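Asker: I have a structure I would like to understand better, so I am pasting it below and will then ask my questions one at a time.
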Amino acid sequence: MIWNALLLALREIRRNVLRSFLTILGIVIGVAAVIIMVTLGGGATVQVTQQIASLGSNLLIISPGKRLGPGQTVGAAPFSVDDAEALKRDIPMLAAVAPMASRALTVVYGNANWSTQVTGSTADYFRARNWAPQSGRLFTDSELRAGAAACVIGQTVRQKLFGNQDPVGARIRLQKIACDVIGLLEPKGQSTMGTDQDDLVIIPLRAFQRRIAGNQDVNIIQVSVREGASTTRAQGEIERLMRERRHLSQNEEANFNVMDMKEITKMLTATTQVLTALLGAVAAVSLLVGGIGIMNIMLVSVTERTREIGIRLAIGALEREVLLQFLVEAAVLSSFGGVVGIVLALAASVGLASALNVPFVFNGGIVAIAFAFSAAVGLVFGYFPAKKAAQLDPIEALRHE
């Protein structure tokens with residue numbers, strides 16, 4: 001019985017191809033919009049996670065001052081190298097502790113110059129950030145102890161000063177300091193906040209403090225927690241030790257901040273997921289519009305085929321058979337629209353993901369849900385016209401012209 005109803009539905013669709021296409025257009029647009037929105041949202045979520053991960057594994061950032069949004073309070077005393085050494089010595093769960101001091105400077109090589117961020121740090125900076133050299137090497141212990149005029153540069157600085165040439169072995173100038181380039185870092189790209197991670201020059205911390213800053217201040221300490229250790233516990237241990245070193249009583253408010261990058265990841269991921277759900281819900285409204293279109297055309301079809309329905313009922317067709325015929329026809333229309341929408345959505349998602357520079361993440365779940373929802377829309381909105389056809393009086397239907 002179902003097979004026969006399916007054949008009748010396909011025959012009717014073939015008889016009115018243009019009308020059937022226009023009927024399912026709303027379903028096609030609705031399904032495609034939902035899948036595209038959710039797919040791009042999933043790609044954005046993955047990109048955020050990857051960008052946070054590129055900053056370093058299990059990374060905690062300790063900064064002076066209380067965090068107020070993206071900034072810090074004024075007047076908070078900076079850290080010292082001794083603070084970083086105490087963290088490394090007294091908290092065994094830390095894999096790397098990198099004291100940092102930074103300043104924006106103009107870097108010069110030959111006739112080329114570029115304004116960039118010059119950072120003084122130790123070898124632990126590269127361990128905390130999981131950052132390896134693409135060519136050359138990193139600092140040796142003797143260079144770090146002596147504060148040698150050696151530097152490691154990022155890909156953006158290489159591009160601006162050297163083009164595509166290998167910069168290792170060249171000598172650049174930082175302000176009045178001549179610095180030998182000993183390494184070129186692997187590319188990392190943009191961070192989640194939109195800053196270029198490759199636009200930097202790293203020099204030994206002692207060289208920065210003596211030759212550039214003229215003081216012993218440490219602006220930020222980046223900490224990497226050992227694999228398997230709890231970052232929450234490490235954060236608590238760091239706060240306890242730093243309060244002790246900064247002579248803060250139990251009731252005093254901390255004049256420093258410890259930020260766990262996992263918290264940032266969760267916050268940004270939750271935000272992108274909420275936005276994706278909202279956009280998907282808005283796009284799903286067009287599915288309802290498509291369902292109303294199916295109901296409208298099915299009512300027209302019932303009116304056009306009143307005499308045919310009357311003949312079927314007169315020769316013994318049951319009401320449920322007529323009801324099934326029109327329900328199947330509505331379900332076929334909406335399901336076909338769902339299939340076309342899925343194909344268009346996947347093709348568009350690949351193109352848009354490439355254009356927006358976000359990963360394409362195939363979500364089989366949303367594809368299945370969108371298809372099932374499109375079929376359900378056909379059944380729901382096709383029920384009333386089908387019920388109307390099944391309840392026609394055969395005698396009155398046969399008199400219909």
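In the structure tokens, the first chain shown is A, the next is B, and so on; residue numbers restart at 1 for each chain, and ligands run from 1 in the order shown.
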Could you please write out, as a PyMOL selection string, every residue of range 21-161 of chain A that DSSP assigns to strand (DSSP E or B)?
Answerer: chain A and resi 59-64+67-68+71-72+79+94-109+112-121+133-136+150-153
Asker: Provide the CA of Asp82 in chain A to CA of Met100 in chain A distance in Å, to one decimal place.
Answerer: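 CA of Asp82 in chain A sits 12.5 Å away from CA of Met100 in chain A.
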Asker: Just checking: using only C-alpha atoms, which residue out of A:Gly65, A:Leu278, A:Glu329, A:Ala284 ends up closest to Ile297 in chain A?
Answerer: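 Residue with the minimum atom-to-atom distance to Ile297 in chain A: A:Glu329.
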Asker: Residues within 12 Å of range 345-361 of chain A, please, as a PDB file with N, CA and C atoms, in the first residue's frame. Count only C-alpha atoms; anything in the same chain fewer than 5 positions from it doesn't count.
Answerer:
```
ATOM      1  N   VAL A  28      14.251  23.726   0.915  1.00  0.00           N
ATOM      2  CA  VAL A  28      15.658  23.723   0.487  1.00  0.00           C
ATOM      3  C   VAL A  28      16.430  24.840   1.192  1.00  0.00           C
ATOM      4  N   ILE A  29      15.865  26.042   1.155  1.00  0.00           N
ATOM      5  CA  ILE A  29      16.541  27.197   1.770  1.00  0.00           C
ATOM      6  C   ILE A  29      16.668  26.997   3.275  1.00  0.00           C
ATOM      7  N   GLY A  30      15.592  26.514   3.921  1.00  0.00           N
ATOM      8  CA  GLY A  30      15.629  26.315   5.366  1.00  0.00           C
ATOM      9  C   GLY A  30      16.668  25.301   5.795  1.00  0.00           C
ATOM     10  N   VAL A  31      16.687  24.137   5.139  1.00  0.00           N
ATOM     11  CA  VAL A  31      17.653  23.088   5.485  1.00  0.00           C
ATOM     12  C   VAL A  31      19.084  23.576   5.229  1.00  0.00           C
ATOM     13  N   ALA A  32      19.291  24.214   4.067  1.00  0.00           N
ATOM     14  CA  ALA A  32      20.634  24.699   3.732  1.00  0.00           C
ATOM     15  C   ALA A  32      21.102  25.737   4.739  1.00  0.00           C
ATOM     16  N   ALA A  33      20.217  26.656   5.120  1.00  0.00           N
ATOM     17  CA  ALA A  33      20.600  27.716   6.056  1.00  0.00           C
ATOM     18  C   ALA A  33      20.979  27.145   7.418  1.00  0.00           C
ATOM     19  N   VAL A  34      20.191  26.200   7.909  1.00  0.00           N
ATOM     20  CA  VAL A  34      20.472  25.602   9.222  1.00  0.00           C
ATOM     21  C   VAL A  34      21.832  24.898   9.209  1.00  0.00           C
ATOM     22  N   ILE A  35      22.070  24.086   8.185  1.00  0.00           N
ATOM     23  CA  ILE A  35      23.323  23.321   8.124  1.00  0.00           C
ATOM     24  C   ILE A  35      24.524  24.255   7.969  1.00  0.00           C
ATOM     25  N   ILE A  36      24.403  25.278   7.125  1.00  0.00           N
ATOM     26  CA  ILE A  36      25.518  26.214   6.918  1.00  0.00           C
ATOM     27  C   ILE A  36      25.849  26.942   8.215  1.00  0.00           C
ATOM     28  N   MET A  37      24.825  27.443   8.899  1.00  0.00           N
ATOM     29  CA  MET A  37      25.057  28.192  10.142  1.00  0.00           C
ATOM     30  C   MET A  37      25.740  27.317  11.203  1.00  0.00           C
ATOM     31  N   VAL A  38      25.221  26.107  11.371  1.00  0.00           N
ATOM     32  CA  VAL A  38      25.775  25.222  12.399  1.00  0.00           C
ATOM     33  C   VAL A  38      27.186  24.758  12.023  1.00  0.00           C
ATOM     34  N   THR A  39      27.411  24.472  10.743  1.00  0.00           N
ATOM     35  CA  THR A  39      28.733  24.021  10.296  1.00  0.00           C
ATOM     36  C   THR A  39      29.776  25.115  10.472  1.00  0.00           C
ATOM     37  N   LEU A  40      29.447  26.336  10.048  1.00  0.00           N
ATOM     38  CA  LEU A  40      30.395  27.442  10.213  1.00  0.00           C
ATOM     39  C   LEU A  40      30.613  27.761  11.687  1.00  0.00           C
ATOM     40  N   GLY A  41      29.539  27.660  12.486  1.00  0.00           N
ATOM     41  CA  GLY A  41      29.689  27.871  13.921  1.00  0.00           C
ATOM     42  C   GLY A  41      30.598  26.834  14.549  1.00  0.00           C
ATOM     43  N   GLY A  42      30.460  25.579  14.130  1.00  0.00           N
ATOM     44  CA  GLY A  42      31.344  24.516  14.620  1.00  0.00           C
ATOM     45  C   GLY A  42      32.787  24.759  14.214  1.00  0.00           C
ATOM     46  N   GLY A  43      32.985  25.237  12.987  1.00  0.00           N
ATOM     47  CA  GLY A  43      34.337  25.555  12.535  1.00  0.00           C
ATOM     48  C   GLY A  43      34.951  26.690  13.330  1.00  0.00           C
ATOM     49  N   ALA A  44      34.125  27.706  13.644  1.00  0.00           N
ATOM     50  CA  ALA A  44      34.613  28.831  14.450  1.00  0.00           C
ATOM     51  C   ALA A  44      35.005  28.361  15.847  1.00  0.00           C
ATOM     52  N   THR A  45      34.223  27.442  16.422  1.00  0.00           N
ATOM     53  CA  THR A  45      34.536  26.907  17.747  1.00  0.00           C
ATOM     54  C   THR A  45      35.867  26.152  17.728  1.00  0.00           C
ATOM     55  N   VAL A  46      36.058  25.335  16.695  1.00  0.00           N
ATOM     56  CA  VAL A  46      37.322  24.589  16.567  1.00  0.00           C
ATOM     57  C   VAL A  46      38.495  25.547  16.391  1.00  0.00           C
ATOM     58  N   GLN A  47      38.285  26.610  15.606  1.00  0.00           N
ATOM     59  CA  GLN A  47      39.353  27.579  15.386  1.00  0.00           C
ATOM     60  C   GLN A  47      39.750  28.282  16.680  1.00  0.00           C
ATOM     61  N   VAL A  48      38.739  28.649  17.487  1.00  0.00           N
ATOM     62  CA  VAL A  48      39.024  29.290  18.774  1.00  0.00           C
ATOM     63  C   VAL A  48      39.855  28.354  19.652  1.00  0.00           C
ATOM     64  N   THR A  49      39.454  27.080  19.696  1.00  0.00           N
ATOM     65  CA  THR A  49      40.175  26.104  20.510  1.00  0.00           C
ATOM     66  C   THR A  49      41.614  25.938  20.033  1.00  0.00           C
ATOM     67  N   GLN A  50      41.799  25.886  18.716  1.00  0.00           N
ATOM     68  CA  GLN A  50      43.146  25.731  18.159  1.00  0.00           C
ATOM     69  C   GLN A  50      44.011  26.953  18.444  1.00  0.00           C
ATOM     70  N   GLN A  51      43.412  28.147  18.334  1.00  0.00           N
ATOM     71  CA  GLN A  51      44.180  29.359  18.579  1.00  0.00           C
ATOM     72  C   GLN A  51      44.602  29.473  20.040  1.00  0.00           C
ATOM     73  N   GLY A 189      50.503  32.180  13.483  1.00  0.00           N
ATOM     74  CA  GLY A 189      49.317  32.882  13.004  1.00  0.00           C
ATOM     75  C   GLY A 189      48.708  33.794  14.054  1.00  0.00           C
ATOM     76  N   GLN A 190      47.451  34.171  13.805  1.00  0.00           N
ATOM     77  CA  GLN A 190      46.766  35.095  14.706  1.00  0.00           C
ATOM     78  C   GLN A 190      46.275  34.388  15.954  1.00  0.00           C
ATOM     79  N   GLY A 337      13.206  18.088  -0.911  1.00  0.00           N
ATOM     80  CA  GLY A 337      13.744  19.406  -0.604  1.00  0.00           C
ATOM     81  C   GLY A 337      14.869  19.327   0.416  1.00  0.00           C
ATOM     82  N   GLY A 338      14.734  18.425   1.408  1.00  0.00           N
ATOM     83  CA  GLY A 338      15.780  18.241   2.404  1.00  0.00           C
ATOM     84  C   GLY A 338      17.073  17.734   1.796  1.00  0.00           C
ATOM     85  N   VAL A 339      16.974  16.774   0.864  1.00  0.00           N
ATOM     86  CA  VAL A 339      18.165  16.220   0.207  1.00  0.00           C
ATOM     87  C   VAL A 339      18.878  17.292  -0.611  1.00  0.00           C
ATOM     88  N   VAL A 340      18.101  18.049  -1.405  1.00  0.00           N
ATOM     89  CA  VAL A 340      18.697  19.130  -2.208  1.00  0.00           C
ATOM     90  C   VAL A 340      19.345  20.172  -1.304  1.00  0.00           C
ATOM     91  N   ILE A 366      23.747  17.251  12.741  1.00  0.00           N
ATOM     92  CA  ILE A 366      22.857  18.322  12.292  1.00  0.00           C
ATOM     93  C   ILE A 366      22.301  18.028  10.908  1.00  0.00           C
ATOM     94  N   VAL A 367      23.073  17.320  10.068  1.00  0.00           N
ATOM     95  CA  VAL A 367      22.560  16.926   8.749  1.00  0.00           C
ATOM     96  C   VAL A 367      21.375  15.982   8.910  1.00  0.00           C
ATOM     97  N   ALA A 370      18.383  17.935  10.379  1.00  0.00           N
ATOM     98  CA  ALA A 370      17.768  18.817   9.388  1.00  0.00           C
ATOM     99  C   ALA A 370      16.913  18.023   8.406  1.00  0.00           C
ATOM    100  N   PHE A 371      17.420  16.840   7.977  1.00  0.00           N
ATOM    101  CA  PHE A 371      16.641  16.023   7.050  1.00  0.00           C
ATOM    102  C   PHE A 371      15.375  15.483   7.724  1.00  0.00           C
TER     103      PHE A 371
END
```
Asker: Would you mind listing what lies within 7 Å of Pro204 in chain A as a short mmCIF file (atom, residue, chain, number, x, y, z; two decimals) with N, CA and C atoms, in the first residue's frame, with only C-alpha atoms counted and same-chain residues fewer than 6 positions away left out?
Answerer:
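Result file is around-v1.cif:
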```cif
data_model
loop_
_atom_site.label_atom_id
_atom_site.label_comp_id
_atom_site.auth_asym_id
_atom_site.auth_seq_id
_atom_site.Cartn_x
_atom_site.Cartn_y
_atom_site.Cartn_z
N GLY A 120 61.92 40.20 26.28
CA GLY A 120 63.03 39.54 26.95
C GLY A 120 62.50 38.40 27.80
N SER A 121 63.09 37.22 27.67
CA SER A 121 62.62 36.07 28.45
C SER A 121 63.73 35.03 28.53
N THR A 122 63.36 33.85 29.00
CA THR A 122 64.32 32.75 29.18
C THR A 122 63.95 31.60 28.25
N LEU A 144 71.99 33.13 27.98
CA LEU A 144 70.99 33.66 28.92
C LEU A 144 71.64 34.26 30.15
N GLY A 147 73.47 37.49 29.16
CA GLY A 147 72.67 38.54 28.51
C GLY A 147 73.23 38.90 27.15
N ALA A 148 73.54 37.86 26.36
CA ALA A 148 74.17 38.07 25.06
C ALA A 148 73.24 38.80 24.10
#
```
Asker: Using only C-alpha atoms, what table do you get, as JSON lines, when you list each residue of range 234-260 of chain A with an atom no more than 6 Å from range 57-62 of chain A, its nearest pair of atoms, and their distance in Å rounded to one decimal, rows by chain then rising number?
Answerer:
```
{"residue": "A:Asn257", "atom": "CA", "partner": "A:Ile62", "partner_atom": "CA", "distance": 5.6}
{"residue": "A:Val258", "atom": "CA", "partner": "A:Ile62", "partner_atom": "CA", "distance": 4.5}
{"residue": "A:Met259", "atom": "CA", "partner": "A:Ile61", "partner_atom": "CA", "distance": 5.1}
{"residue": "A:Asp260", "atom": "CA", "partner": "A:Leu60", "partner_atom": "CA", "distance": 4.7}
```
Asker: Would you save the residues from that selection as a PDB file, in the first residue's frame, using N, CA and C atoms?
Answerer:
```
ATOM      1  N   ASN A 257      47.112  38.927  39.163  1.00  0.00           N
ATOM      2  CA  ASN A 257      46.061  38.118  38.570  1.00  0.00           C
ATOM      3  C   ASN A 257      46.662  36.876  37.914  1.00  0.00           C
ATOM      4  N   VAL A 258      46.029  35.735  38.146  1.00  0.00           N
ATOM      5  CA  VAL A 258      46.446  34.481  37.512  1.00  0.00           C
ATOM      6  C   VAL A 258      45.323  34.050  36.577  1.00  0.00           C
ATOM      7  N   MET A 259      45.592  34.031  35.289  1.00  0.00           N
ATOM      8  CA  MET A 259      44.577  33.725  34.286  1.00  0.00           C
ATOM      9  C   MET A 259      44.854  32.355  33.666  1.00  0.00           C
ATOM     10  N   ASP A 260      43.867  31.482  33.749  1.00  0.00           N
ATOM     11  CA  ASP A 260      43.964  30.148  33.155  1.00  0.00           C
ATOM     12  C   ASP A 260      43.400  30.213  31.740  1.00  0.00           C
TER      13      ASP A 260
END
```
Asker: Taking only C-alpha atoms into account, name the residue in A:Ser20, A:Ser374, A:Val152, A:Gln159 that is nearest to Ile342 in chain A.
Answerer: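 Closest to Ile342 in chain A of all the choices is A:Ser374.
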Asker: What does the structure give for the distance between CA of Glu244 in chain A and CA of Val225 in chain A, in Å to one decimal?
Answerer: 20.5 Å
Asker: Write out as a list in words the residues lying within 9 Å of Asp90 in chain A, counting only C-alpha atoms and excluding same-chain residues fewer than 4 positions away.
Answerer: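 Close residues of Asp90 in chain A: Glu85, Ala86 and Leu241 of chain A.
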Asker: Those residues with C-alpha atoms, as a JSON list (two decimals), in the first residue's frame please?
Answerer:
```
[["chain", "number", "residue", "atom", "x", "y", "z"],
["A", 85, "GLU", "CA", 62.58, 31.30, 40.39],
["A", 86, "ALA", "CA", 60.49, 30.81, 43.54],
["A", 241, "LEU", "CA", 52.93, 31.66, 46.95]]
```
Asker: Assign secondary structure with DSSP using the backbone only, and return the residues of range 31-278 of chain A in alpha helix (DSSP H) as a ChimeraX atom specification.
Answerer: /A:31-54,81-90,124-128,141-146,155-162,205-208,231-245,261-278
Asker: Mind checking which residues fall within 10 Å of Ala84 in chain A, counting only C-alpha atoms, ignoring those fewer than 6 positions away in the same chain, and posting them as a VMD selection string?
Answerer: chain A and resid 96 to 100 218 220 to 223 242
Asker: Create the file for the chosen residues now, containing C-alpha atoms and written as a CSV table (one decimal), in the first residue's frame.
Answerer:
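For reference, part.csv as written:
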```
chain,number,residue,atom,x,y,z
A,96,ALA,CA,58.1,25.8,32.7
A,97,VAL,CA,58.2,29.3,34.2
A,98,ALA,CA,59.0,32.1,31.9
A,99,PRO,CA,59.5,35.6,33.2
A,100,MET,CA,58.9,38.3,30.5
A,218,VAL,CA,59.3,41.5,35.0
A,220,ILE,CA,54.4,39.0,33.0
A,221,ILE,CA,55.2,35.4,34.1
A,222,GLN,CA,53.9,32.6,31.8
A,223,VAL,CA,53.6,29.2,33.5
A,242,MET,CA,52.6,35.0,45.2
```
Asker: Which residues of range 260-296 of chain A come within 10 Å of range 378-383 of chain A, and for each one, what is the closest pair of atoms and their distance in Å to one decimal, counting only C-alpha atoms, sorted by chain and residue number, as a Markdown table?
Answerer:
```
| residue | atom | partner | partner_atom | distance |
| --- | --- | --- | --- | --- |
| A:Leu287 | CA | A:Gly378 | CA | 9.9 |
| A:Leu288 | CA | A:Phe381 | CA | 9.1 |
| A:Gly290 | CA | A:Gly378 | CA | 8.8 |
| A:Gly291 | CA | A:Phe381 | CA | 5.7 |
| A:Ile292 | CA | A:Phe381 | CA | 6.6 |
| A:Gly293 | CA | A:Phe381 | CA | 8.8 |
| A:Ile294 | CA | A:Phe381 | CA | 6.7 |
| A:Met295 | CA | A:Phe381 | CA | 5.2 |
| A:Asn296 | CA | A:Phe381 | CA | 8.9 |
```
Asker: When you count only C-alpha atoms, which of these residues is closest to Ala213 in chain A: A:Leu200, A:Leu268, A:Leu105, A:Val289?
Answerer: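 For Ala213 in chain A, the nearest of the candidates is A:Leu105.
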Asker: Let me make sure I understand: among A:Ile27, A:Ala254, A:Val332, A:Val108, which one has the smallest atom-to-atom distance to Val201 in chain A if we use only C-alpha atoms?
Answerer: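 That would be A:Val108, the residue with the smallest distance to Val201 in chain A.
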